[in-house]
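Enquirer: My structure is in coords.cif, and what it holds is mmCIF, C-alpha atoms; chains and numbers go by the auth columns:
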```
data_run
#
loop_
_atom_site.group_PDB
_atom_site.id
_atom_site.type_symbol
_atom_site.label_atom_id
_atom_site.label_comp_id
_atom_site.label_asym_id
_atom_site.label_seq_id
_atom_site.Cartn_x
_atom_site.Cartn_y
_atom_site.Cartn_z
_atom_site.B_iso_or_equiv
_atom_site.auth_seq_id
_atom_site.auth_asym_id
ATOM 1 C CA MET A 1 0.000 0.000 0.000 0.00 198 I
ATOM 2 C CA GLU A 2 1.458 3.354 -1.053 0.00 199 I
ATOM 3 C CA TYR A 3 0.716 6.591 0.741 0.00 200 I
ATOM 4 C CA CYS A 4 1.658 10.222 0.748 0.00 201 I
ATOM 5 C CA LYS A 5 1.118 13.040 3.250 0.00 202 I
ATOM 6 C CA LEU A 6 -0.697 16.281 2.564 0.00 203 I
ATOM 7 C CA TYR A 7 -0.037 19.186 4.889 0.00 204 I
ATOM 8 C CA GLY A 8 -2.758 21.753 5.416 0.00 205 I
ATOM 9 C CA ARG A 9 -2.783 24.740 7.718 0.00 206 I
ATOM 10 C CA ASP A 10 -4.591 22.942 10.496 0.00 207 I
ATOM 11 C CA LYS A 11 -4.073 19.202 9.988 0.00 208 I
ATOM 12 C CA ASN A 12 -2.081 16.481 8.278 0.00 209 I
ATOM 13 C CA ILE A 13 -3.878 14.215 5.856 0.00 210 I
ATOM 14 C CA LEU A 14 -2.704 10.786 4.691 0.00 211 I
ATOM 15 C CA VAL A 15 -3.604 9.576 1.208 0.00 212 I
ATOM 16 C CA HIS A 16 -3.369 5.799 0.835 0.00 213 I
ATOM 17 C CA ILE A 17 -3.441 4.054 -2.519 0.00 214 I
ATOM 18 C CA MET A 18 -5.251 0.900 -1.474 0.00 215 I
ATOM 19 C CA GLY A 19 -4.978 -0.929 -4.763 0.00 216 I
ATOM 20 C CA LEU A 20 -5.391 -1.162 -8.477 0.00 217 I
ATOM 21 C CA TYR A 21 -8.217 -3.404 -9.623 0.00 218 I
ATOM 22 C CA GLU A 22 -10.098 -4.298 -12.780 0.00 219 I
ATOM 23 C CA ASP A 23 -13.878 -4.154 -12.976 0.00 220 I
ATOM 24 C CA ARG A 24 -15.996 -6.795 -14.728 0.00 221 I
ATOM 25 C CA ASP A 25 -15.864 -4.822 -17.981 0.00 222 I
ATOM 26 C CA GLY A 26 -12.056 -4.764 -17.975 0.00 223 I
ATOM 27 C CA GLY A 27 -11.643 -1.128 -16.875 0.00 224 I
ATOM 28 C CA ASP A 28 -8.872 -0.219 -14.438 0.00 225 I
ATOM 29 C CA HIS A 29 -9.701 1.513 -11.149 0.00 226 I
ATOM 30 C CA VAL A 30 -7.648 2.808 -8.233 0.00 227 I
ATOM 31 C CA SER A 31 -9.033 2.667 -4.706 0.00 228 I
ATOM 32 C CA ILE A 32 -7.949 5.605 -2.485 0.00 229 I
ATOM 33 C CA ARG A 33 -8.374 6.080 1.275 0.00 230 I
ATOM 34 C CA ILE A 34 -7.834 9.508 2.801 0.00 231 I
ATOM 35 C CA GLU A 35 -7.598 9.868 6.559 0.00 232 I
ATOM 36 C CA LYS A 36 -6.500 12.335 9.176 0.00 233 I
ATOM 37 C CA GLU A 37 -3.004 11.470 10.414 0.00 234 I
ATOM 38 C CA ASN A 38 -3.899 11.565 14.105 0.00 235 I
ATOM 39 C CA ASP A 39 -7.438 10.173 13.823 0.00 236 I
ATOM 40 C CA VAL A 40 -7.754 7.167 11.501 0.00 237 I
ATOM 41 C CA GLU A 41 -11.466 6.941 12.310 0.00 238 I
ATOM 42 C CA MET A 42 -11.990 10.017 10.096 0.00 239 I
ATOM 43 C CA TYR A 43 -11.731 8.697 6.569 0.00 240 I
ATOM 44 C CA ALA A 44 -12.955 9.018 3.005 0.00 241 I
ATOM 45 C CA LYS A 45 -12.731 6.403 0.261 0.00 242 I
ATOM 46 C CA PHE A 46 -12.523 7.462 -3.374 0.00 243 I
ATOM 47 C CA ASP A 47 -12.480 5.558 -6.639 0.00 244 I
ATOM 48 C CA LEU A 48 -10.518 6.712 -9.685 0.00 245 I
ATOM 49 C CA PRO A 49 -11.071 7.367 -12.597 0.00 246 I
ATOM 50 C CA ALA A 50 -14.614 8.395 -11.584 0.00 247 I
ATOM 51 C CA ASN A 51 -13.202 10.488 -8.703 0.00 248 I
ATOM 52 C CA PHE A 52 -16.237 9.458 -6.694 0.00 249 I
ATOM 53 C CA CYS A 53 -16.380 9.319 -2.894 0.00 250 I
ATOM 54 C CA THR A 54 -17.790 5.893 -2.004 0.00 251 I
ATOM 55 C CA HIS A 55 -17.611 6.193 1.824 0.00 252 I
ATOM 56 C CA ALA A 56 -16.830 9.000 4.236 0.00 253 I
ATOM 57 C CA TYR A 57 -16.929 9.582 7.967 0.00 254 I
ATOM 58 C CA GLY A 58 -15.953 12.651 9.961 0.00 255 I
ATOM 59 C CA PHE A 59 -14.998 15.043 7.147 0.00 256 I
ATOM 60 C CA SER A 60 -17.087 18.030 6.092 0.00 257 I
ATOM 61 C CA GLU A 61 -18.418 18.476 2.566 0.00 258 I
ATOM 62 C CA THR A 62 -15.874 21.256 2.053 0.00 259 I
ATOM 63 C CA GLU A 63 -13.017 18.932 2.990 0.00 260 I
ATOM 64 C CA LEU A 64 -14.358 16.213 0.688 0.00 261 I
ATOM 65 C CA MET A 65 -14.480 18.701 -2.187 0.00 262 I
ATOM 66 C CA LYS A 66 -10.835 19.662 -1.495 0.00 263 I
ATOM 67 C CA PHE A 67 -9.844 15.997 -1.564 0.00 264 I
ATOM 68 C CA LYS A 68 -11.722 15.513 -4.819 0.00 265 I
ATOM 69 C CA LYS A 69 -9.887 18.492 -6.343 0.00 266 I
ATOM 70 C CA PHE A 70 -6.537 17.138 -5.113 0.00 267 I
ATOM 71 C CA LEU A 71 -7.249 13.730 -6.659 0.00 268 I
ATOM 72 C CA GLN A 72 -8.304 15.360 -9.920 0.00 269 I
ATOM 73 C CA ASN A 73 -5.137 17.487 -10.058 0.00 270 I
ATOM 74 C CA ASN A 74 -2.846 14.552 -9.230 0.00 271 I
ATOM 75 C CA ALA A 75 -4.648 11.710 -11.022 0.00 272 I
ATOM 76 C CA MET A 76 -1.797 10.848 -13.406 0.00 273 I
ATOM 77 C CA THR A 77 0.755 10.658 -10.587 0.00 274 I
ATOM 78 C CA ILE A 78 -1.615 8.537 -8.485 0.00 275 I
ATOM 79 C CA TRP A 79 -2.140 6.154 -11.418 0.00 276 I
ATOM 80 C CA ASP A 80 1.628 5.851 -11.864 0.00 277 I
ATOM 81 C CA MET A 81 2.067 5.143 -8.157 0.00 278 I
ATOM 82 C CA ALA A 82 -0.692 2.519 -8.226 0.00 279 I
ATOM 83 C CA ARG A 83 1.004 0.792 -11.162 0.00 280 I
ATOM 84 C CA GLY A 84 4.317 0.842 -9.293 0.00 281 I
ATOM 85 C CA ASN A 85 6.040 3.339 -11.588 0.00 282 I
ATOM 86 C CA LEU A 86 6.691 6.008 -8.916 0.00 283 I
ATOM 87 C CA ARG A 87 7.556 6.114 -5.252 0.00 284 I
ATOM 88 C CA ALA A 88 5.143 7.628 -2.708 0.00 285 I
ATOM 89 C CA GLU A 89 7.404 10.602 -1.999 0.00 286 I
ATOM 90 C CA SER A 90 6.723 11.918 -5.518 0.00 287 I
ATOM 91 C CA VAL A 91 3.234 13.220 -4.646 0.00 288 I
ATOM 92 C CA GLY A 92 2.314 16.047 -2.364 0.00 289 I
#
```
Could you write out this file's structure as structure tokens?
Expert:
Amino acid sequence: MEYCKLYGRDKNILVHIMGLYEDRDGGDHVSIRIEKENDVEMYAKFDLPANFCTHAYGFSETELMKFKKFLQNNAMTIWDMARGNLRAESVG
């Protein structure tokens, strides 16, 4: 499992690349889990390429929109990391 850290003004966020999987139609997807560094019970799960939040607990809608924007802006790097082409330290 790869991860990178995001540093905001008020908290540290961990972004975990949980895995690369293929759906029944043959399309590739990346499963992402975002959590607060000091409170792993606050989490959000996203699926790429749809950039859709499948589960969330503890984060506000504003925070979820920021995560969605981050994933959109860094999608190519995340895909490369999921495929094993880059190290986790490359994102942030």
Enquirer: Identify which of the residues I:Val237, I:Ala272, I:Met262, I:Val227 lies closest to Ile210 in chain I, counting only C-alpha atoms when measuring atom-to-atom distances.
Expert: I:Val237
Enquirer: Out of I:Phe249, I:Trp276, I:Phe264, I:Tyr218, which residue has the shortest atom-to-atom distance to Ile231 in chain I when counting only C-alpha atoms?
Expert: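 Counting only C-alpha atoms, the residue closest to Ile231 in chain I is I:Phe264.
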Enquirer: Considering only C-alpha atoms, return as a VMD selection string whatever protein or nucleic-acid residues lie within 8 Å of Gly255 in chain I, sequence-local ones (same chain, fewer than 4 positions apart) excluded.
Expert: chain I and resid 238 to 240
Enquirer: Could you tell me which of I:Met273, I:Phe267, I:His226, I:Tyr254 comes closest to Ala241 in chain I if we count only C-alpha atoms?
Expert: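 When distances to Ala241 in chain I are compared using only C-alpha atoms, the smallest one comes from I:Tyr254.
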Enquirer: So, with only C-alpha atoms as the atoms that count, which of I:Asn248, I:Gln269, I:Ser257, I:Lys242 lies closest to Arg230 in chain I?
Expert: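 The answer is I:Lys242, which sits nearest to Arg230 in chain I.
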Enquirer: Using all atoms listed in the file, can you tell me which of I:His252, I:Lys233, I:Lys266, I:Arg280 comes closest to Ile214 in chain I?
Expert: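 Using all atoms listed in the file, Ile214 in chain I sits closest to I:Arg280.
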Enquirer: In Å, with one decimal, what is the gap from CA of Asp277 in chain I to CA of Leu261 in chain I?
Expert: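 These two atoms are separated by 22.8 Å.
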Enquirer: May I ask for the distance between CA of Gly216 in chain I and CA of Lys263 in chain I, given in Å to one decimal place?
Expert: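 According to the coordinates, CA of Gly216 in chain I and CA of Lys263 in chain I are separated by 21.7 Å.
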